[in-house]
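Visitor: So I've got this file, start-v7.txt, and it contains compact mmCIF, C-alpha atoms:
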```txt
# COMPACT_ATOMS: atom_id res chain seq x y z
CA MET A 1 -14.14 -3.48 -5.00
CA ASN A 2 -12.48 -1.21 -7.56
CA ASP A 3 -15.62 0.95 -7.66
CA VAL A 4 -15.82 1.25 -3.87
CA CYS A 5 -12.11 1.98 -3.82
CA TYR A 6 -12.51 4.73 -6.42
CA GLU A 7 -15.28 6.39 -4.40
CA VAL A 8 -13.09 6.51 -1.27
CA VAL A 9 -10.00 7.68 -3.18
CA SER A 10 -11.78 10.41 -5.17
CA ASP A 11 -13.56 11.69 -2.06
CA SER A 12 -10.22 12.05 -0.30
CA LEU A 13 -8.53 13.70 -3.29
CA ARG A 14 -11.34 16.24 -3.56
CA ARG A 15 -10.54 17.30 0.00
CA GLY A 16 -6.86 17.68 -0.89
CA TYR A 17 -5.48 14.55 0.76
CA GLN A 18 -3.13 11.85 -0.53
CA VAL A 19 -4.18 8.21 -0.49
CA MET A 20 -2.41 4.88 -0.09
CA VAL A 21 -4.24 1.82 -1.45
CA PHE A 22 -3.03 -1.53 -0.10
CA VAL A 23 -3.54 -4.66 -2.18
CA HIS A 24 -2.29 -8.18 -1.61
CA SER A 25 -0.33 -9.15 -4.71
CA ARG A 26 2.41 -7.45 -6.70
CA LYS A 27 0.35 -7.68 -9.87
CA GLY A 28 -2.61 -6.18 -8.01
CA THR A 29 -0.78 -2.86 -7.50
CA GLY A 30 -0.63 -2.12 -11.23
CA GLU A 31 -4.11 -3.51 -11.87
CA THR A 32 -5.63 -1.28 -9.17
CA ALA A 33 -3.80 1.81 -10.45
CA ARG A 34 -5.06 1.03 -13.95
CA ALA A 35 -8.64 0.49 -12.72
CA LEU A 36 -8.61 3.83 -10.86
CA THR A 37 -7.23 5.61 -13.94
CA GLU A 38 -9.85 4.10 -16.25
CA ARG A 39 -12.70 5.01 -13.91
CA ALA A 40 -11.36 8.57 -13.52
CA MET A 41 -11.08 8.93 -17.31
CA LYS A 42 -14.65 7.70 -17.71
CA GLU A 43 -15.87 10.31 -15.25
CA GLY A 44 -13.62 13.01 -16.71
CA SER A 45 -11.90 13.64 -13.38
CA LEU A 46 -8.40 12.30 -14.11
CA GLU A 47 -6.91 15.74 -14.74
CA SER A 48 -8.80 17.62 -12.05
CA LEU A 49 -8.31 15.05 -9.28
CA PHE A 50 -5.30 12.83 -9.95
CA ILE A 51 -2.76 14.63 -12.13
CA THR A 52 -0.48 17.05 -10.27
CA GLN A 53 1.16 18.61 -13.34
CA GLY A 54 0.53 22.34 -13.54
CA THR A 55 -1.21 22.56 -10.16
CA GLU A 56 -0.12 25.29 -7.76
CA ARG A 57 0.43 22.96 -4.82
CA ASN A 58 2.28 20.06 -6.41
CA GLY A 59 3.31 21.27 -9.87
CA ASP A 60 6.94 21.85 -8.82
CA ALA A 61 7.26 18.36 -7.37
CA TYR A 62 5.81 16.88 -10.57
CA THR A 63 8.35 18.75 -12.72
CA ARG A 64 11.22 17.68 -10.44
CA TYR A 65 10.41 13.99 -10.81
CA ALA A 66 9.14 13.89 -14.42
CA GLU A 67 12.58 13.21 -15.89
CA ARG A 68 13.50 10.54 -13.34
CA ALA A 69 10.17 8.80 -13.81
CA SER A 70 10.53 8.77 -17.59
CA LYS A 71 14.02 7.24 -17.32
CA SER A 72 12.90 4.37 -15.08
CA ARG A 73 13.12 0.96 -16.72
CA ASN A 74 9.84 0.06 -15.04
CA LYS A 75 7.35 1.03 -17.74
CA GLU A 76 4.42 0.64 -15.33
CA LEU A 77 5.92 3.17 -12.94
CA THR A 78 6.35 5.69 -15.78
CA GLU A 79 2.85 5.11 -17.17
CA HIS A 80 1.16 5.64 -13.80
CA PHE A 81 3.31 8.64 -12.86
CA TYR A 82 1.84 10.70 -15.71
CA ASN A 83 -1.63 9.92 -14.36
CA GLY A 84 -0.72 11.02 -10.83
CA LEU A 85 -0.44 7.50 -9.39
CA GLY A 86 2.40 5.30 -8.19
CA ILE A 87 3.03 1.63 -7.48
CA HIS A 88 5.23 -0.03 -4.85
CA HIS A 89 5.96 -3.70 -4.20
CA ALA A 90 8.86 -6.00 -3.35
CA GLY A 91 9.27 -7.17 -6.96
CA MET A 92 10.41 -3.70 -8.10
CA LEU A 93 14.06 -2.65 -8.20
CA ARG A 94 15.23 -0.85 -5.09
CA ASN A 95 15.75 2.43 -6.98
CA ASP A 96 12.22 2.33 -8.37
CA ARG A 97 10.76 1.61 -4.93
CA LYS A 98 12.73 4.50 -3.47
CA LEU A 99 11.58 6.75 -6.30
CA SER A 100 7.91 5.86 -5.67
CA GLU A 101 8.33 6.63 -1.97
CA GLN A 102 9.99 9.99 -2.63
CA MET A 103 7.43 11.02 -5.26
CA PHE A 104 4.59 10.26 -2.87
CA ASN A 105 6.31 11.95 0.04
CA ASP A 106 6.90 15.15 -1.96
CA GLY A 107 3.41 15.20 -3.44
CA ALA A 108 4.40 14.53 -7.07
CA ILE A 109 1.85 11.69 -7.07
CA LYS A 110 -1.37 11.67 -5.09
CA VAL A 111 -2.21 7.97 -4.98
CA LEU A 112 0.13 5.08 -4.19
CA CYS A 113 -0.98 1.49 -4.82
CA CYS A 114 1.21 -0.80 -2.75
CA THR A 115 1.50 -4.12 -0.96
CA ALA A 116 1.53 -4.55 2.82
CA THR A 117 5.36 -4.63 2.94
CA LEU A 118 5.20 -0.84 2.75
CA ALA A 119 3.25 -0.59 6.02
CA TRP A 120 5.70 -2.81 7.92
CA GLY A 121 8.97 -1.49 6.56
CA ILE A 122 8.73 2.20 5.88
CA ASN A 123 7.30 5.18 7.68
CA LEU A 124 5.42 6.71 4.77
CA PRO A 125 2.37 8.55 6.06
CA ALA A 126 -0.83 9.42 4.20
CA HIS A 127 -4.03 11.01 5.43
CA THR A 128 -6.15 8.24 3.91
CA VAL A 129 -5.39 4.54 3.62
CA VAL A 130 -7.54 1.92 1.93
CA VAL A 131 -7.19 -1.85 2.31
CA LYS A 132 -8.65 -3.26 -0.90
CA GLY A 133 -9.76 -6.81 -0.24
CA THR A 134 -8.72 -9.10 2.60
CA GLU A 135 -7.93 -12.35 0.81
CA VAL A 136 -4.23 -13.18 0.85
CA TYR A 137 -2.56 -16.16 -0.78
CA ASN A 138 -0.92 -18.45 1.76
CA PRO A 139 1.64 -20.85 0.23
CA GLU A 140 1.55 -23.14 3.30
CA LYS A 141 -2.19 -23.67 2.95
CA GLY A 142 -2.10 -23.55 -0.84
CA GLY A 143 -4.99 -21.10 -1.02
CA ALA A 144 -6.46 -17.80 0.11
CA VAL A 145 -6.76 -16.89 3.79
CA ASP A 146 -8.04 -13.76 5.51
CA LEU A 147 -5.52 -10.97 6.06
CA SER A 148 -4.27 -11.05 9.64
CA ILE A 149 -5.77 -8.44 11.94
CA LEU A 150 -2.23 -7.38 12.92
CA ASP A 151 -1.58 -6.51 9.27
CA VAL A 152 -4.81 -4.52 9.16
CA GLN A 153 -3.86 -2.59 12.29
CA GLN A 154 -0.35 -1.97 10.98
CA ILE A 155 -1.74 -0.60 7.70
CA PHE A 156 -4.35 1.50 9.50
CA GLY A 157 -1.47 2.93 11.53
CA SER A 158 -0.12 4.59 8.37
CA ALA A 159 -3.15 6.88 8.24
CA GLY A 160 -2.55 10.37 9.60
CA CYS A 161 0.67 9.87 11.58
CA PRO A 162 0.70 12.27 14.56
CA GLN A 163 3.83 14.17 13.51
CA PHE A 164 2.43 14.86 10.03
CA ASP A 165 -1.32 15.18 10.47
CA THR A 166 -4.01 15.92 13.05
CA SER A 167 -6.35 13.15 11.84
CA GLY A 168 -6.42 10.18 9.49
CA GLU A 169 -8.93 7.94 7.75
CA ALA A 170 -8.71 4.22 7.13
CA THR A 171 -11.09 2.10 5.05
CA LEU A 172 -11.25 -1.68 4.89
CA ILE A 173 -12.99 -3.11 1.81
CA THR A 174 -13.99 -6.73 2.37
CA SER A 175 -16.78 -9.23 1.71
CA HIS A 176 -19.90 -9.41 3.89
CA ASP A 177 -18.76 -12.77 5.32
CA SER A 178 -15.50 -11.33 6.61
CA LEU A 179 -16.92 -8.04 7.88
CA ALA A 180 -18.15 -9.20 11.30
CA PRO A 181 -14.90 -10.97 12.33
CA TYR A 182 -12.84 -7.89 11.42
CA LEU A 183 -15.13 -5.50 13.30
CA ASP A 184 -14.96 -7.83 16.26
CA LYS A 185 -11.16 -8.01 16.21
CA LEU A 186 -10.67 -4.28 15.65
CA ILE A 187 -12.68 -3.52 18.77
CA LYS A 188 -11.10 -6.16 20.99
CA ALA A 189 -7.41 -6.45 21.75
CA VAL A 190 -5.70 -9.28 19.88
CA PRO A 191 -3.32 -11.52 21.79
CA ILE A 192 0.00 -11.79 19.94
CA GLU A 193 1.04 -15.42 19.87
CA SER A 194 4.47 -16.81 19.13
CA ASN A 195 4.96 -18.85 15.96
CA PHE A 196 8.36 -20.06 17.09
CA VAL A 197 7.27 -23.67 17.59
CA LYS A 198 6.64 -24.09 13.85
CA GLN A 199 10.32 -23.49 13.08
CA LEU A 200 11.73 -24.89 16.29
CA ALA A 201 13.71 -27.70 14.61
CA ASP A 202 15.41 -25.31 12.17
CA HIS A 203 16.43 -22.89 14.91
CA LEU A 204 17.66 -25.68 17.17
CA ASN A 205 19.77 -27.07 14.31
CA ALA A 206 21.22 -23.63 13.68
CA GLU A 207 22.16 -23.25 17.35
CA VAL A 208 23.80 -26.70 17.38
CA VAL A 209 25.83 -25.84 14.26
CA GLY A 210 26.69 -22.44 15.72
CA GLY A 211 27.96 -24.10 18.90
CA THR A 212 25.55 -22.36 21.29
CA VAL A 213 23.82 -25.66 22.11
CA THR A 214 26.38 -28.36 22.83
CA ASN A 215 24.65 -31.07 24.93
CA ILE A 216 21.30 -32.78 25.36
```
Would you mind giving the structure from this file in structure tokens?
Guide:
Amino acid sequence: MNDVCYEVVSDSLRRGYQVMVFVHSRKGTGETARALTERAMKEGSLESLFITQGTERNGDAYTRYAERASKSRNKELTEHFYNGLGIHHAGMLRNDRKLSEQMFNDGAIKVLCCTATLAWGINLPAHTVVVKGTEVYNPEKGGAVDLSILDVQQIFGSAGCPQFDTSGEATLITSHDSLAPYLDKLIKAVPIESNFVKQLADHLNAEVVGGTVTNI
């Protein structure tokens, strides 16, 4: 998956676009950024494709953020910044998350490896988005489940937002077994179903305590 991901990312960078890579664990953000860096080094394209330092288009942005990135207590963030990549997940400090968002927005970094929280919470557009893998850990089931199609659509929605871009590209990297169901769901409309019944008792208790529900 890292190899396929690298092909998509490098192709987009060659055409001058930024890329967001979505993974499904906090640890996975750093691992993916590292894998992309290693592959780029092997192919000798890290400086020409990923690093923004000294380039006409993004050199200024790189210089502006270099000091802030070096002062961050998150060593991973600093390490990846110098290679033109960023990471973003809920386990990072708020300041570091904000810094990653700003650096990506201003073009100081070209690739952002993040978790799906970024697609739901923040309007951070990129021309190209990649969903790397579709297996997500579900604590209720105690194992991996397929990423919900609503999450996929939400992430795909980050590609080429109308007010910033005229087009966008989205890539979903998954196993052969999961491919057909996703294609099927992406073409057909998905009914949105309520999950309220699962937490009904908790909500009812809260309403009783709050005094909104007072009789049988």
Visitor: Under the rule of at most 9 Å, produce a per-residue listing of segment 91-143 of chain A near segment 70-84 of chain A: chain, number, name, the closest pair of atoms, and the distance in Å, as a Markdown table, using all atoms listed in the file.
Guide:
```
| residue | atom | partner | partner_atom | distance |
| --- | --- | --- | --- | --- |
| A:Met92 | CA | A:Asn74 | CA | 7.9 |
| A:Leu93 | CA | A:Asn74 | CA | 8.5 |
| A:Asn95 | CA | A:Ser72 | CA | 8.8 |
| A:Asp96 | CA | A:Ser72 | CA | 7.0 |
| A:Ser100 | CA | A:Leu77 | CA | 8.0 |
| A:Met103 | CA | A:Phe81 | CA | 9.0 |
| A:Ala108 | CA | A:Gly84 | CA | 7.3 |
| A:Ile109 | CA | A:Gly84 | CA | 4.6 |
| A:Lys110 | CA | A:Gly84 | CA | 5.8 |
| A:Val111 | CA | A:Gly84 | CA | 6.8 |
| A:Leu112 | CA | A:Gly84 | CA | 8.9 |
```
Visitor: Could you list, as a list in words, every residue within 9 Å of Asp106 of chain A, counting all atoms listed in the file and ignoring same-chain residues fewer than 4 positions away?
Guide: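 The residues that qualify are Asn58, Ala61, Tyr62, Glu101 and Gln102 of chain A.
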Visitor: Between atom CA of Ile122 of chain A and atom CA of Ser158 of chain A, what is the distance in Å, rounded to a tenth?
Guide: 9.5 Å
Visitor: Enclose segment 11-16 of chain A, meaning all of its atoms listed in the file, in a box aligned along x, y and z, pad it by 8 Å on each side, and list the centre and edge lengths in Å to one decimal, as AutoDock Vina command-line options.
Guide:
```
--center_x -10.2 --center_y 14.7 --center_z -1.8 --size_x 22.7 --size_y 22.0 --size_z 19.6
```
Visitor: Between A:Gly142, A:Ile173, A:Lys98, A:Val136, which one has atoms that come closest to Glu7 of chain A, using only C-alpha atoms?
Guide: A:Ile173
Visitor: Of the candidates A:Arg68, A:His24, A:His88, A:Arg14, which shows the shortest atom-to-atom distance to Leu49 of chain A, using all atoms listed in the file?
Guide: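 Closest candidate: A:Arg14.
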Visitor: Between A:Val152, A:Ala126, A:Leu13, A:Ala33, which residue has the minimum interatomic distance to Gly168 of chain A, considering only C-alpha atoms?
Guide: A:Ala126
Visitor: Nearest to Val23 of chain A: which of A:Ser175, A:Ser10, A:Thr115, A:Asn215 is it, counting only C-alpha atoms?
Guide: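 Among the listed residues, the smallest separation from Val23 of chain A belongs to A:Thr115.
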Visitor: Counting all atoms listed in the file, write as a compact mmCIF listing (two decimals) with C-alpha atoms, keeping the file's coordinate frame all protein and nucleic acid residues lying at most 9 Å from (-4.8, 13.3, 5.8) in the file's frame.
Guide:
```txt
# COMPACT_ATOMS: atom_id res chain seq x y z
CA SER A 12 -10.22 12.05 -0.30
CA GLY A 16 -6.86 17.68 -0.89
CA TYR A 17 -5.48 14.55 0.76
CA GLN A 18 -3.13 11.85 -0.53
CA VAL A 19 -4.18 8.21 -0.49
CA PRO A 125 2.37 8.55 6.06
CA ALA A 126 -0.83 9.42 4.20
CA HIS A 127 -4.03 11.01 5.43
CA THR A 128 -6.15 8.24 3.91
CA ALA A 159 -3.15 6.88 8.24
CA GLY A 160 -2.55 10.37 9.60
CA CYS A 161 0.67 9.87 11.58
CA PHE A 164 2.43 14.86 10.03
CA ASP A 165 -1.32 15.18 10.47
CA THR A 166 -4.01 15.92 13.05
CA SER A 167 -6.35 13.15 11.84
CA GLY A 168 -6.42 10.18 9.49
CA GLU A 169 -8.93 7.94 7.75
```
Visitor: What does the structure give for the distance between atom CA of Leu118 of chain A and atom CA of Val4 of chain A, in Å to one decimal?
Guide: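 So the two atoms, atom CA of Leu118 of chain A and atom CA of Val4 of chain A, lie 22.1 Å apart.
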Visitor: Considering all atoms listed in the file, can you say which of A:Ile149, A:Cys113, A:Val209, A:Ala69 comes closest to Ile187 of chain A?
Guide: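 Selected residue with least distance to Ile187 of chain A: A:Ile149.
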Visitor: To one decimal place in Å, what is the distance between atom CA of Ser148 of chain A and atom CA of Asn123 of chain A?
Guide: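 We find that atom CA of Ser148 of chain A and atom CA of Asn123 of chain A lie 20.0 Å from each other.
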Visitor: Missing atoms in segment 58-69 of chain A should be modelled up to all heavy atoms and reported as a PDB file, in the frame of the given file.
Guide:
```
ATOM      1  N   ASN A  58       1.329  21.139  -6.184  1.00  0.00           N
ATOM      2  CA  ASN A  58       2.280  20.060  -6.410  1.00  0.00           C
ATOM      3  C   ASN A  58       2.979  20.109  -7.767  1.00  0.00           C
ATOM      4  O   ASN A  58       3.718  19.205  -8.118  1.00  0.00           O
ATOM      5  CB  ASN A  58       1.569  18.697  -6.283  1.00  0.00           C
ATOM      6  CG  ASN A  58       0.763  18.605  -5.006  1.00  0.00           C
ATOM      7  OD1 ASN A  58      -0.398  18.943  -4.998  1.00  0.00           O
ATOM      8  ND2 ASN A  58       1.386  18.169  -3.925  1.00  0.00           N
ATOM      9  N   GLY A  59       2.720  21.162  -8.527  1.00  0.00           N
ATOM     10  CA  GLY A  59       3.310  21.270  -9.870  1.00  0.00           C
ATOM     11  C   GLY A  59       4.824  21.183  -9.864  1.00  0.00           C
ATOM     12  O   GLY A  59       5.433  20.540 -10.717  1.00  0.00           O
ATOM     13  N   ASP A  60       5.467  21.845  -8.894  1.00  0.00           N
ATOM     14  CA  ASP A  60       6.940  21.850  -8.820  1.00  0.00           C
ATOM     15  C   ASP A  60       7.468  20.438  -8.598  1.00  0.00           C
ATOM     16  O   ASP A  60       8.434  20.021  -9.237  1.00  0.00           O
ATOM     17  CB  ASP A  60       7.423  22.730  -7.649  1.00  0.00           C
ATOM     18  CG  ASP A  60       7.087  24.187  -7.891  1.00  0.00           C
ATOM     19  OD1 ASP A  60       6.676  24.499  -9.031  1.00  0.00           O
ATOM     20  OD2 ASP A  60       7.228  24.991  -6.961  1.00  0.00           O
ATOM     21  N   ALA A  61       6.824  19.718  -7.685  1.00  0.00           N
ATOM     22  CA  ALA A  61       7.260  18.360  -7.370  1.00  0.00           C
ATOM     23  C   ALA A  61       7.124  17.475  -8.621  1.00  0.00           C
ATOM     24  O   ALA A  61       8.004  16.670  -8.932  1.00  0.00           O
ATOM     25  CB  ALA A  61       6.435  17.772  -6.232  1.00  0.00           C
ATOM     26  N   TYR A  62       6.038  17.656  -9.352  1.00  0.00           N
ATOM     27  CA  TYR A  62       5.810  16.880 -10.570  1.00  0.00           C
ATOM     28  C   TYR A  62       6.949  17.119 -11.559  1.00  0.00           C
ATOM     29  O   TYR A  62       7.541  16.196 -12.096  1.00  0.00           O
ATOM     30  CB  TYR A  62       4.467  17.282 -11.201  1.00  0.00           C
ATOM     31  CG  TYR A  62       4.129  16.521 -12.462  1.00  0.00           C
ATOM     32  CD1 TYR A  62       3.355  15.361 -12.415  1.00  0.00           C
ATOM     33  CD2 TYR A  62       4.580  16.959 -13.708  1.00  0.00           C
ATOM     34  CE1 TYR A  62       3.047  14.661 -13.576  1.00  0.00           C
ATOM     35  CE2 TYR A  62       4.280  16.264 -14.864  1.00  0.00           C
ATOM     36  CZ  TYR A  62       3.515  15.118 -14.790  1.00  0.00           C
ATOM     37  OH  TYR A  62       3.222  14.424 -15.936  1.00  0.00           O
ATOM     38  N   THR A  63       7.292  18.390 -11.770  1.00  0.00           N
ATOM     39  CA  THR A  63       8.350  18.750 -12.720  1.00  0.00           C
ATOM     40  C   THR A  63       9.689  18.154 -12.279  1.00  0.00           C
ATOM     41  O   THR A  63      10.454  17.660 -13.095  1.00  0.00           O
ATOM     42  CB  THR A  63       8.480  20.294 -12.794  1.00  0.00           C
ATOM     43  OG1 THR A  63       7.159  20.850 -12.852  1.00  0.00           O
ATOM     44  CG2 THR A  63       9.242  20.724 -14.016  1.00  0.00           C
ATOM     45  N   ARG A  64       9.947  18.205 -10.969  1.00  0.00           N
ATOM     46  CA  ARG A  64      11.220  17.680 -10.440  1.00  0.00           C
ATOM     47  C   ARG A  64      11.400  16.193 -10.742  1.00  0.00           C
ATOM     48  O   ARG A  64      12.494  15.731 -11.004  1.00  0.00           O
ATOM     49  CB  ARG A  64      11.266  17.865  -8.916  1.00  0.00           C
ATOM     50  CG  ARG A  64      11.908  19.150  -8.480  1.00  0.00           C
ATOM     51  CD  ARG A  64      12.522  19.066  -7.088  1.00  0.00           C
ATOM     52  NE  ARG A  64      11.734  18.384  -6.083  1.00  0.00           N
ATOM     53  CZ  ARG A  64      10.736  18.929  -5.405  1.00  0.00           C
ATOM     54  NH1 ARG A  64      10.368  20.163  -5.665  1.00  0.00           N
ATOM     55  NH2 ARG A  64      10.089  18.239  -4.485  1.00  0.00           N
ATOM     56  N   TYR A  65      10.298  15.442 -10.662  1.00  0.00           N
ATOM     57  CA  TYR A  65      10.410  13.990 -10.810  1.00  0.00           C
ATOM     58  C   TYR A  65      10.109  13.480 -12.218  1.00  0.00           C
ATOM     59  O   TYR A  65      10.365  12.315 -12.514  1.00  0.00           O
ATOM     60  CB  TYR A  65       9.462  13.293  -9.820  1.00  0.00           C
ATOM     61  CG  TYR A  65       9.958  13.354  -8.402  1.00  0.00           C
ATOM     62  CD1 TYR A  65       9.373  14.198  -7.469  1.00  0.00           C
ATOM     63  CD2 TYR A  65      11.035  12.560  -7.996  1.00  0.00           C
ATOM     64  CE1 TYR A  65       9.832  14.264  -6.161  1.00  0.00           C
ATOM     65  CE2 TYR A  65      11.498  12.615  -6.692  1.00  0.00           C
ATOM     66  CZ  TYR A  65      10.897  13.464  -5.778  1.00  0.00           C
ATOM     67  OH  TYR A  65      11.358  13.516  -4.487  1.00  0.00           O
ATOM     68  N   ALA A  66       9.568  14.347 -13.081  1.00  0.00           N
ATOM     69  CA  ALA A  66       9.140  13.890 -14.420  1.00  0.00           C
ATOM     70  C   ALA A  66      10.268  13.190 -15.175  1.00  0.00           C
ATOM     71  O   ALA A  66      10.074  12.120 -15.756  1.00  0.00           O
ATOM     72  CB  ALA A  66       8.603  15.060 -15.221  1.00  0.00           C
ATOM     73  N   GLU A  67      11.464  13.790 -15.131  1.00  0.00           N
ATOM     74  CA  GLU A  67      12.580  13.210 -15.890  1.00  0.00           C
ATOM     75  C   GLU A  67      13.002  11.859 -15.312  1.00  0.00           C
ATOM     76  O   GLU A  67      13.198  10.880 -16.040  1.00  0.00           O
ATOM     77  CB  GLU A  67      13.762  14.181 -15.888  1.00  0.00           C
ATOM     78  CG  GLU A  67      14.808  13.796 -16.930  1.00  0.00           C
ATOM     79  CD  GLU A  67      16.022  14.733 -16.899  1.00  0.00           C
ATOM     80  OE1 GLU A  67      15.891  15.864 -16.377  1.00  0.00           O
ATOM     81  OE2 GLU A  67      17.075  14.313 -17.379  1.00  0.00           O
ATOM     82  N   ARG A  68      13.092  11.806 -13.982  1.00  0.00           N
ATOM     83  CA  ARG A  68      13.500  10.540 -13.340  1.00  0.00           C
ATOM     84  C   ARG A  68      12.492   9.432 -13.604  1.00  0.00           C
ATOM     85  O   ARG A  68      12.853   8.283 -13.835  1.00  0.00           O
ATOM     86  CB  ARG A  68      13.675  10.746 -11.833  1.00  0.00           C
ATOM     87  CG  ARG A  68      14.994  11.403 -11.490  1.00  0.00           C
ATOM     88  CD  ARG A  68      15.073  11.737 -10.022  1.00  0.00           C
ATOM     89  NE  ARG A  68      15.134  10.564  -9.177  1.00  0.00           N
ATOM     90  CZ  ARG A  68      15.053  10.604  -7.844  1.00  0.00           C
ATOM     91  NH1 ARG A  68      14.909  11.764  -7.245  1.00  0.00           N
ATOM     92  NH2 ARG A  68      15.107   9.506  -7.141  1.00  0.00           N
ATOM     93  N   ALA A  69      11.217   9.797 -13.576  1.00  0.00           N
ATOM     94  CA  ALA A  69      10.170   8.800 -13.810  1.00  0.00           C
ATOM     95  C   ALA A  69      10.231   8.282 -15.243  1.00  0.00           C
ATOM     96  O   ALA A  69      10.047   7.091 -15.498  1.00  0.00           O
ATOM     97  CB  ALA A  69       8.808   9.385 -13.514  1.00  0.00           C
TER      98      ALA A  69
END
```
